[in-house]
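Participant: Take a look at this one; I'll ask things after.
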Amino acid sequence: MKVGIMGGTFDPIHIGHLLAAEAARDSFGLDQVWFMPSHIPPHKEQAGASGEDRLGMVAEAISDHPCFRTLDIEIRRGGVSYTIDTVKEIRSSFEGIEFHFIIGADMVNYLPKWEGIEELVNLMTFIGVGRPGSTLDLDALPGYLQGKVHLADMPQVDISSTEIREKLATGHSIRYMVTDSVYDYIRRRGLYGIQPRRTD
């Protein structure tokens with residue numbers, strides 16, 4: 001079985017994440033894509049929503065896709081999330097699966113700086129998904145990475161979780177930037193500074 005791992009803060013998960021996952025799945029014949037919210041990613045600040053809520057939003061967003069599932073390994077482990085540690089744990093827990101790590105095209109050029117990258121490329125390949133404004137030169141990557149990074153095309157949707165949080169904080173609409181189920185979750189839980197929706 002071929003599985004794509006899509007890591008990220010997902011703070012919140014938006015349609016750009018979903019389009020990227022589907023593009024990777026379709027382009028490379030993946031059987032499943034596992035969405036893995038990080039606890040504390042090494043290159044970002046503390047997330048705005050808790051791990052529990054970010055995992056909950058992911059579950060809501062992918063509930064109607066038969067090939068998508070959640071993976072809570074980094075949320076459960078806690079601490080700073082390094083991909084090399086996570087991949088080793090995943091491979092020991094799920095034998096017989098061919099894993100691919102899905103990342104934004106803007107992250108491909110940073111791969112040489114990842115913790116344990118020379119070991120990591122021997123454990124899985126990378127699928128880079130194109131984003132607006134990103135330029136890629138795979139030939140410029142170090143030799144050990146060449147042939148280990150593949151590219152998938154996706155519709156050019158320029159949405160970021162930061163933009164969504166800012167819109168929510170200033171009372172602007174995020175309709176169609178996230179799924180209806182994620183927006184309902186945000187309102188129900190009162191995330192990102194908005195008033196919780198009453199259920200009585």
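Residues in the structure tokens are numbered from 1 in each chain, the chains being A, B, ... in the order shown, and ligands are numbered from 1 in the order shown.
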Check range 40-169 of chain A with DSSP on the backbone and list each residue it calls helix (DSSP H, G or I), as a count of residues only.

Facilitator: 51

Participant: Residues near Ala169 in chain A, anyone? I mean within 7 Å using only C-alpha atoms, not counting same-chain ones fewer than 5 positions away, as a list in words.

Facilitator: Tyr192, Gly193 and Ile194 of chain A

Participant: Using only C-alpha atoms, which residue out of A:Gln195, A:Met107, A:Gln156, A:Met177 lies closest to Pro12 in chain A?

Facilitator: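 For Pro12 in chain A, the nearest of the candidates is A:Met177.
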
Participant: Quick one: residues within 10 Å of Ser181 in chain A, only C-alpha atoms, excluding same-chain residues fewer than 6 positions away - as an MDAnalysis selection string?

Facilitator: chainID A and resid 57:63 187

Participant: Which neighbours of Leu191 in chain A fall inside 12 Å, counting only C-alpha atoms, when residues of the same chain fewer than 2 positions from it are skipped, and could you give them as number ranges by chain?

Facilitator: A: 11-12, 47-50, 52-54, 56-57, 164-165, 168-169, 182-189, 193-197

Participant: Have a look at A:Thr9, A:Thr179, A:Thr86, A:Thr162 and name the one nearest to Leu123 in chain A; count only C-alpha atoms.

Facilitator: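 Of A:Thr9, A:Thr179, A:Thr86, A:Thr162, the one nearest Leu123 in chain A, counting only C-alpha atoms, is A:Thr86.
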
Participant: Would you kindly return, as a VMD selection string, each protein, DNA or RNA residue with an atom no farther than 12 Å from any atom of Ala21 in chain A, considering only C-alpha atoms and excluding same-chain residues fewer than 5 positions away?

Facilitator: chain A and resid 3 to 8 13 to 16 26 to 36 62 65 67 to 69 100 to 104 127 to 130 152 to 155

Participant: Please produce a file of those selected residues containing N, CA and C atoms, as an mmCIF file, in the first residue's frame.

Facilitator:
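Contents of part17.cif, as written:
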data_model
loop_
_atom_site.group_PDB
_atom_site.id
_atom_site.type_symbol
_atom_site.label_atom_id
_atom_site.label_comp_id
_atom_site.auth_asym_id
_atom_site.auth_seq_id
_atom_site.Cartn_x
_atom_site.Cartn_y
_atom_site.Cartn_z
ATOM 1 N N VAL A 3 1.095 5.192 0.885
ATOM 2 C CA VAL A 3 0.457 6.178 1.768
ATOM 3 C C VAL A 3 1.247 7.478 1.743
ATOM 4 N N GLY A 4 0.530 8.585 1.607
ATOM 5 C CA GLY A 4 1.139 9.895 1.723
ATOM 6 C C GLY A 4 0.911 10.449 3.116
ATOM 7 N N ILE A 5 1.963 10.959 3.729
ATOM 8 C CA ILE A 5 1.850 11.606 5.037
ATOM 9 C C ILE A 5 1.872 13.117 4.803
ATOM 10 N N MET A 6 0.843 13.792 5.253
ATOM 11 C CA MET A 6 0.800 15.241 5.118
ATOM 12 C C MET A 6 0.857 15.859 6.504
ATOM 13 N N GLY A 7 2.022 16.366 6.851
ATOM 14 C CA GLY A 7 2.184 16.998 8.145
ATOM 15 C C GLY A 7 1.938 18.494 8.055
ATOM 16 N N GLY A 8 1.738 19.105 9.181
ATOM 17 C CA GLY A 8 1.528 20.547 9.209
ATOM 18 C C GLY A 8 0.888 20.973 10.508
ATOM 19 N N ILE A 13 -6.878 23.929 9.248
ATOM 20 C CA ILE A 13 -6.818 23.276 7.954
ATOM 21 C C ILE A 13 -7.742 24.018 6.990
ATOM 22 N N HIS A 14 -7.293 24.204 5.744
ATOM 23 C CA HIS A 14 -8.102 24.939 4.769
ATOM 24 C C HIS A 14 -8.127 24.188 3.436
ATOM 25 N N ILE A 15 -8.840 24.746 2.460
ATOM 26 C CA ILE A 15 -9.025 24.008 1.198
ATOM 27 C C ILE A 15 -7.721 23.840 0.433
ATOM 28 N N GLY A 16 -6.747 24.726 0.663
ATOM 29 C CA GLY A 16 -5.449 24.542 0.028
ATOM 30 C C GLY A 16 -4.788 23.249 0.466
ATOM 31 N N ASP A 26 -3.784 11.741 -6.311
ATOM 32 C CA ASP A 26 -4.161 11.448 -7.691
ATOM 33 C C ASP A 26 -2.933 11.309 -8.594
ATOM 34 N N SER A 27 -1.941 12.179 -8.423
ATOM 35 C CA SER A 27 -0.769 12.186 -9.305
ATOM 36 C C SER A 27 0.115 10.957 -9.121
ATOM 37 N N PHE A 28 0.192 10.431 -7.903
ATOM 38 C CA PHE A 28 1.120 9.348 -7.630
ATOM 39 C C PHE A 28 0.428 8.045 -7.206
ATOM 40 N N GLY A 29 -0.882 7.977 -7.415
ATOM 41 C CA GLY A 29 -1.609 6.738 -7.146
ATOM 42 C C GLY A 29 -1.539 6.285 -5.703
ATOM 43 N N LEU A 30 -1.598 7.237 -4.780
ATOM 44 C CA LEU A 30 -1.565 6.874 -3.365
ATOM 45 C C LEU A 30 -2.883 6.221 -2.959
ATOM 46 N N ASP A 31 -2.804 5.199 -2.144
ATOM 47 C CA ASP A 31 -4.017 4.532 -1.657
ATOM 48 C C ASP A 31 -4.698 5.354 -0.577
ATOM 49 N N GLN A 32 -3.888 6.019 0.241
ATOM 50 C CA GLN A 32 -4.433 6.850 1.311
ATOM 51 C C GLN A 32 -3.513 8.052 1.550
ATOM 52 N N VAL A 33 -4.086 9.084 2.146
ATOM 53 C CA VAL A 33 -3.299 10.209 2.653
ATOM 54 C C VAL A 33 -3.645 10.372 4.121
ATOM 55 N N TRP A 34 -2.606 10.395 4.958
ATOM 56 C CA TRP A 34 -2.803 10.556 6.403
ATOM 57 C C TRP A 34 -2.399 11.977 6.797
ATOM 58 N N PHE A 35 -3.337 12.719 7.372
ATOM 59 C CA PHE A 35 -3.079 14.082 7.827
ATOM 60 C C PHE A 35 -2.559 14.034 9.260
ATOM 61 N N MET A 36 -1.396 14.611 9.479
ATOM 62 C CA MET A 36 -0.721 14.488 10.768
ATOM 63 C C MET A 36 -0.433 15.885 11.341
ATOM 64 N N ILE A 62 -11.930 16.145 6.587
ATOM 65 C CA ILE A 62 -11.696 14.995 5.708
ATOM 66 C C ILE A 62 -12.730 13.891 5.877
ATOM 67 N N HIS A 65 -14.083 11.973 2.770
ATOM 68 C CA HIS A 65 -13.165 11.418 1.761
ATOM 69 C C HIS A 65 -12.739 10.019 2.196
ATOM 70 N N CYS A 67 -10.402 8.109 1.289
ATOM 71 C CA CYS A 67 -8.972 7.803 1.278
ATOM 72 C C CYS A 67 -8.164 8.675 2.235
ATOM 73 N N PHE A 68 -8.831 9.555 2.964
ATOM 74 C CA PHE A 68 -8.138 10.429 3.908
ATOM 75 C C PHE A 68 -8.390 9.961 5.338
ATOM 76 N N ARG A 69 -7.380 10.064 6.174
ATOM 77 C CA ARG A 69 -7.527 9.734 7.587
ATOM 78 C C ARG A 69 -6.595 10.616 8.413
ATOM 79 N N HIS A 100 5.237 8.212 1.564
ATOM 80 C CA HIS A 100 5.671 9.418 0.863
ATOM 81 C C HIS A 100 5.278 10.609 1.736
ATOM 82 N N PHE A 101 6.170 11.583 1.839
ATOM 83 C CA PHE A 101 5.879 12.752 2.673
ATOM 84 C C PHE A 101 5.502 13.916 1.767
ATOM 85 N N ILE A 102 4.302 14.469 1.981
ATOM 86 C CA ILE A 102 3.781 15.539 1.145
ATOM 87 C C ILE A 102 4.109 16.884 1.779
ATOM 88 N N ILE A 103 4.753 17.764 0.994
ATOM 89 C CA ILE A 103 5.112 19.084 1.495
ATOM 90 C C ILE A 103 4.781 20.133 0.443
ATOM 91 N N GLY A 104 4.645 21.369 0.858
ATOM 92 C CA GLY A 104 4.460 22.461 -0.072
ATOM 93 C C GLY A 104 5.720 22.684 -0.876
ATOM 94 N N ILE A 127 6.918 14.313 -1.897
ATOM 95 C CA ILE A 127 6.079 14.844 -2.960
ATOM 96 C C ILE A 127 5.890 16.329 -2.682
ATOM 97 N N GLY A 128 6.419 17.164 -3.563
ATOM 98 C CA GLY A 128 6.245 18.598 -3.434
ATOM 99 C C GLY A 128 5.034 19.047 -4.235
ATOM 100 N N VAL A 129 4.171 19.821 -3.615
ATOM 101 C CA VAL A 129 2.944 20.276 -4.266
ATOM 102 C C VAL A 129 3.056 21.769 -4.534
ATOM 103 N N GLY A 130 2.855 22.153 -5.797
ATOM 104 C CA GLY A 130 3.058 23.523 -6.229
ATOM 105 C C GLY A 130 2.142 24.513 -5.552
ATOM 106 N N ALA A 152 3.944 17.401 -7.784
ATOM 107 C CA ALA A 152 2.545 17.213 -8.172
ATOM 108 C C ALA A 152 1.942 18.577 -8.487
ATOM 109 N N ASP A 153 1.133 18.625 -9.515
ATOM 110 C CA ASP A 153 0.444 19.864 -9.864
ATOM 111 C C ASP A 153 -0.866 19.962 -9.096
ATOM 112 N N MET A 154 -1.239 21.179 -8.741
ATOM 113 C CA MET A 154 -2.525 21.410 -8.105
ATOM 114 C C MET A 154 -3.053 22.763 -8.554
ATOM 115 N N PRO A 155 -4.362 22.985 -8.445
ATOM 116 C CA PRO A 155 -4.898 24.309 -8.750
ATOM 117 C C PRO A 155 -4.221 25.368 -7.887
#

Participant: So how many Å separate CA of Gly78 in chain A and CA of Lys113 in chain A, to one decimal?

Facilitator: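 We find that CA of Gly78 in chain A and CA of Lys113 in chain A lie 22.1 Å from each other.
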